[in-house]
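Okay, so here's the structure we're looking at.
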Amino acid sequence: MLIKGGRIIDPAKNRDDSADISIKDGRIHEILSPGNDLPPDDDVIDATGLWVLPGIIDMHAHLREPGYEYKEDIASGSLAAAAGGITTVACMANTDPVNDNAAVTQYIIKKASSIGMVRILPVGAITRGLKGRELSEMGLMKLSGIVAVSDDGRPVESAALLKRALEYASTFSLPVILHCEDKDLAAKGVMNEGALSSMLGLSGIPSIAEETMISRDVLVAHYADVPVHITHISTKGSLEIIRGAKQLGIRATCDTTPHHLLLTEDDVRTYDTNYKMNPPLRHEDDRHALIEGIRMNLIDCIATDHAPHARDEKALDFDLAPFGIIGFQTLLPALMKIHLDYDIDFSQLLACVTKNPAKILGIDGGSLGEGSRADVTLFDPKPVWTLTEDMIVSKSKNTPFIGWTFTGRVVRTIVEGNTVYQAA
Amino acid sequence: MSWSHKDLISIADLSGEEITTILDMSTSFKEISRRDIKKVPTLRGKTVVLLFYEASTRTRLSFELAAKRLSADTTALSASGSSFQKGETIMDAALNVMAMAPDCIVIRYPYAGLPRKLALELPCSIINAGDGTHEHPTQALLDMYSMREHFGRLEGLHVAIVGDIAHSRVARSNVYGLKKMGARVTVVGPRTLLPPGVETWGVEVSCEFDPVVNDADVIMMLRVQRERIEEQCFPNEREYAHFFGLNKRRVDMMKPDAIIMHPGPMNRGVEITHDAADGNRSIILNQVENGVAVRMTLLYLSLGGNINVD
C-alpha cells in the first residue's frame, strides 16, 4: 500500500510535511519526500489535500460487551471507532461480568480478533467486581492481554487498598487509570453543583468530589512511587492539583474528554439527558481552564469516555437517566473545532490521541515512524458538515452533538495496513 | 393584554404584569367559592387530568375543586394506583393520557424538569403542581395573592422565607415571583439548608432568624423533613426548633402587623409552634382558601378563557 501526496502530521516524530508512505506487512515501510521514485504499487491511495495521521488511540471507552450488548457490542463499537478514525480502543472493565479475571479478558480479545477491525485493548478491573474490597487477578489478566487496570466508574475508596493496588499493578508494569470521585460528596448529584443546579432543582456534584480524590490519589501514588493516570478530569481545581503534582515530580498524567472541552453546565438547562455525564459538565471557567491545560501540555491525553446507553434509558428523567455519552465519531471533529476556535496547534491536540496515550499505556502505535504499526487515519480538513443521527454507527445514539456543524472528516481508517473504514 | 401561555411551568416564565393579572382575576374567582351554589359553567366540556406522582392532599384537592367549580370534568391519577408502579415510563404514561384528549394536565412529579418536557411534547396545557426541587408556581401565586390581599400591595414588603431553602420548590417559585413584584426577600436557614449559589438569587441571606423576625412583614415557614437529619444537615429537631423555629418568643418580636404563612403540611413543634400556627397573625388557612381561587384563574386562562372575565 502506498499513501501518496498527503500532509503527514506525526507528533511522535515531530513531523509535519508532505510525503509518501509505503506500507508493507502491516508496518510503515518507508516515508519518502514527494517526487520520489517509489516502486509502483497496486494499491495506491491518493492523499492529495488530506492529512495523514497516526491511527488515533482512544484510551477510555466502554464497549459494553459482555453483558450490555443492547447498548453496544464489540462489533458495533469497532465500526463506530473505525468511522471515527480510531484504530486503537482501550475498553473499560465495567461489563457484566466485570473484566476482573482472565476468562473475561480472553473473551473480549477473542471477540475483537474475530471482528478484526480496530485494535481493542481491554482494561482490567483493579478490584474484584469493581467493589473496592479485594484485588483482581491483574497478573493473569495481563497474560491474557489487558494493557492497564482501572475501576472506572468508581473510585478505589480505601486509600490503603489503593496503595496496595498501585504496588501490585507495578509488579506487572500495568498502568493504573483512576476515576477520582468521592462518592459521599457526589452523593445523589446529577450535574455540577452551583447556582445553576439550585435553580434547576437538580442535585449537584461538587467540584471537590473530584478534587479531593485526585489529591489523595496522587499523594498515595507518590508515596508508593508508582505512576498514575487520572482519567476524565473536569475542573480547574483538578488541573491545578495535577500541575502541582507534576511540579513536585509526582508521576501523574491525566486526560479530559472532548465534551468537557466543548460543553458546560449551561447546556443542562433543557434537562436533556445527553448532557448528563460523570464527571458532570462544569462551569465555563473550568472549561476554559481545561482548554488552557491542553495548550500548556498539562493535560496529556484526550479520551472519549464513549459510553453508549439505549434510547429508553436516556429518555428517563434527568435524575434517573444513566451518565454518559458516545464519542467515537465526534472525537477528531471535536479536536479540529478546538484547533480552529482556540488556535491550538493541531499537532499538539493530535499528540493527546496518539503519542501520549501510547506512551502511558506502554503500547506500540501512535506514530508513523518507519517500522511502526501501519495504523493510519486519513482526514480531510476542509469539508464543513452537520452531524445527523443517521450518520451514527454505534448502536446507541446518545450524543449532544447532533445538529452541530464541524469542519473536517475522516475519509479512511487503516489498521495494520488494511483499510477498515472508507467514507462514502 | 391577552394570555399567551399554553402552560404554566415556572414563575420565571411570567412577567410582573402577568402575575398582577392572575392576582386581579383571582378575586372574582374567590367569590364563587363563597356562594351557596359554588359552580359556574365557564369550563363546561373541558377535561382536566390530575397526574399526581407524589403524595399531596392540599394541592390535589385544591386543583380538583377549582376545576369542578368551573364545571370542567376531572380525573385524578396517583402514582400508587397507576402503572407507574408497574414500571411504565412517565413519557409513555403521559402519551397514553394524551391519547384520551384532555384539555389540561396538572402534574406533580418527584423529579425536576418533567413538566417542561411535557409542555414541549404535548398539545394540551400543562400546569406544574410541583416538580422535584424545581418549582411550584401555583403555590407562589397563591402566596402572593394572600400577601397582597392582606397588605394591599407586594411592592416594598419584606418577606422572610425560613427553613429548608435548598430543597424547597416553594421557596424558589416565591423568590422569583416576589422579586418580580418588587418585594424584598430574605432567606433564612442554616448554611446546610441554603442552596449552593444562593448569593446569585438577588435576595438577602441570613443564618440568624432573630434579626430578621422583627423586620419582616411576612414570615413564611417551610416544612423541614426528617430526611435532612439523616443527611446531617442539622443534628436533630430540638436544635433546629431552637434556632429556626417560629415560636411564641419570636412571634412576640414580630412587627405589629406582620403575618405568618406556611405552605403545609406543618411539622408542629419543629419549624412552627401552635402559638404561631394558630394565632391571629397566621393566614395559613387563608392561603388554602385562596389556593382554590388562584387555581381557578390558572385553569381558566390555560383553557382559553378571556382575560376580561365578568
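Every chain in the C-alpha cells has a letter given in the order shown (A, B, ...), and although residue numbers restart at 1 in each chain, ligands are simply numbered from 1 in the order shown.
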
Contact residues (chain A, partner chain B, 8 Å, only C-alpha atoms) as a PyMOL selection string
chain A and resi 193-202+270-271+316-319

Spatial neighbours of Phe209 (chain B), 8 Å, only C-alpha atoms, chain gap at least 3 places, as an NGL selection string
:B and (162 or 188-189 or 206 or 212-213 or 243-244)

Test item, alpha helix (DSSP H) assignment across region 170-307 of chain A, answer as a PyMOL selection string:
chain A and resi 170-171+183-186+195-200+207-224+236-247+258-262+284-295

Which residues are close to Leu43 (chain B), i.e. within 12 Å by only C-alpha atoms, leaving aside same-chain residues fewer than 5 positions away? Reply as a ChimeraX atom specification.
/B:48,66-74,103-104,296-306

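Taking CA of Leu157 (chain B) as the reference point, CA of Ile219 (chain B) is found at 10.9 Å.
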
Can you measure CA of Ile127 (chain B) to CA of Pro322 (chain A) for me? One decimal in Å is fine.
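The value is 27.4 Å.
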
Test item: residues at most 6 Å from Ala310 (chain A), only C-alpha atoms, excluding those fewer than 2 positions along its chain, as a PyMOL selection string
chain A and resi 71+312-313+396

List the neighbours of Leu141 (chain B) out to 12 Å using only C-alpha atoms; skip same-chain residues closer than 6 positions along the sequence, and give me the result as number ranges by chain.
B: 8, 10-12, 14, 16, 18-26, 129, 135, 147-149, 154, 170-171, 173-178, 180-181, 263, 287-288, 290-298

Every residue of region 120-346 of chain A that DSSP places in strand (DSSP E), as a compact mmCIF listing (two decimals) with N, CA and C atoms, in the first residue's frame:
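Output below, filename result22.txt:
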# COMPACT_ATOMS: atom_id res chain seq x y z
N ILE A 120 -8.42 -3.67 19.84
CA ILE A 120 -9.14 -3.48 21.09
C ILE A 120 -8.30 -4.00 22.23
N LEU A 121 -8.02 -3.12 23.17
CA LEU A 121 -7.15 -3.45 24.28
C LEU A 121 -7.95 -3.37 25.58
N PRO A 122 -8.23 -4.51 26.18
CA PRO A 122 -9.04 -4.47 27.40
C PRO A 122 -8.26 -3.87 28.58
N VAL A 123 -9.02 -3.17 29.41
CA VAL A 123 -8.50 -2.67 30.69
C VAL A 123 -9.15 -3.54 31.76
N GLY A 124 -8.33 -4.10 32.63
CA GLY A 124 -8.88 -4.96 33.68
C GLY A 124 -9.30 -4.14 34.89
N ALA A 148 -3.89 -2.25 31.00
CA ALA A 148 -3.92 -1.36 32.16
C ALA A 148 -4.99 -1.87 33.11
N VAL A 149 -5.05 -1.30 34.30
CA VAL A 149 -6.14 -1.60 35.21
C VAL A 149 -6.85 -0.32 35.61
N SER A 150 -8.15 -0.44 35.83
CA SER A 150 -8.95 0.70 36.27
C SER A 150 -10.26 0.19 36.84
N VAL A 176 -2.02 2.24 35.87
CA VAL A 176 -3.24 2.33 36.67
C VAL A 176 -3.98 3.61 36.29
N ILE A 177 -5.24 3.43 35.88
CA ILE A 177 -6.07 4.57 35.46
C ILE A 177 -7.13 4.79 36.54
N LEU A 178 -7.16 5.98 37.11
CA LEU A 178 -8.04 6.21 38.26
C LEU A 178 -9.19 7.16 37.93
N MET A 191 -25.61 16.73 38.29
CA MET A 191 -24.96 17.76 37.46
C MET A 191 -23.99 18.54 38.34
N ASN A 192 -23.26 19.46 37.74
CA ASN A 192 -22.32 20.27 38.52
C ASN A 192 -23.07 21.02 39.62
N GLY A 204 -26.52 18.49 43.04
CA GLY A 204 -25.22 18.82 42.47
C GLY A 204 -24.12 17.85 42.87
N ILE A 205 -23.14 17.73 41.98
CA ILE A 205 -21.89 17.02 42.28
C ILE A 205 -20.84 18.11 42.43
N VAL A 228 0.62 7.20 38.09
CA VAL A 228 -0.83 7.03 37.96
C VAL A 228 -1.34 7.91 36.83
N HIS A 229 -2.43 7.44 36.24
CA HIS A 229 -3.10 8.24 35.23
C HIS A 229 -4.49 8.57 35.75
N ILE A 230 -4.81 9.87 35.83
CA ILE A 230 -6.12 10.30 36.31
C ILE A 230 -6.99 10.55 35.07
N ALA A 252 2.30 11.77 37.65
CA ALA A 252 0.85 11.76 37.41
C ALA A 252 0.57 12.31 36.03
N THR A 253 -0.23 11.58 35.27
CA THR A 253 -0.68 12.07 33.97
C THR A 253 -2.20 12.13 34.03
N CYS A 254 -2.80 12.78 33.04
CA CYS A 254 -4.26 12.89 33.08
C CYS A 254 -4.84 13.03 31.67
N ASP A 255 -6.14 12.81 31.60
CA ASP A 255 -6.85 13.09 30.35
C ASP A 255 -8.12 13.84 30.66
N THR A 256 -8.68 14.45 29.63
CA THR A 256 -10.01 15.00 29.72
C THR A 256 -10.76 14.56 28.47
N CYS A 301 -3.67 13.64 27.63
CA CYS A 301 -4.47 12.90 26.65
C CYS A 301 -5.89 13.44 26.57
N ILE A 302 -6.52 13.15 25.46
CA ILE A 302 -7.95 13.39 25.30
C ILE A 302 -8.56 12.03 24.98

Env of Asp17 (chain A): 7 Å cut, atoms = only C-alpha atoms, seq-sep filter 6 positions within chain, self excluded. Answer as number ranges by chain.
A: 7-9

Include N, CA and C atoms and write out the residues we just selected as a PDB file, in the first residue's frame.
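Saved result, selection_36.pdb, follows:
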ATOM      1  N   ARG A   7      -0.420  15.344   3.606  1.00  0.00           N
ATOM      2  CA  ARG A   7       0.372  16.073   4.595  1.00  0.00           C
ATOM      3  C   ARG A   7       0.470  15.190   5.832  1.00  0.00           C
ATOM      4  N   ILE A   8       1.678  14.786   6.157  1.00  0.00           N
ATOM      5  CA  ILE A   8       1.865  13.886   7.295  1.00  0.00           C
ATOM      6  C   ILE A   8       2.055  14.697   8.568  1.00  0.00           C
ATOM      7  N   ILE A   9       1.197  14.437   9.533  1.00  0.00           N
ATOM      8  CA  ILE A   9       1.353  15.103  10.833  1.00  0.00           C
ATOM      9  C   ILE A   9       1.596  14.006  11.864  1.00  0.00           C
TER      10      ILE A   9
END

Can you pull out every residue within 10 Å of region 232-236 of chain B, counting only C-alpha atoms, but drop anything in the same chain fewer than 2 positions away, and send it as a ChimeraX atom specification?
/B:164,190-193,226-230,238-241,270
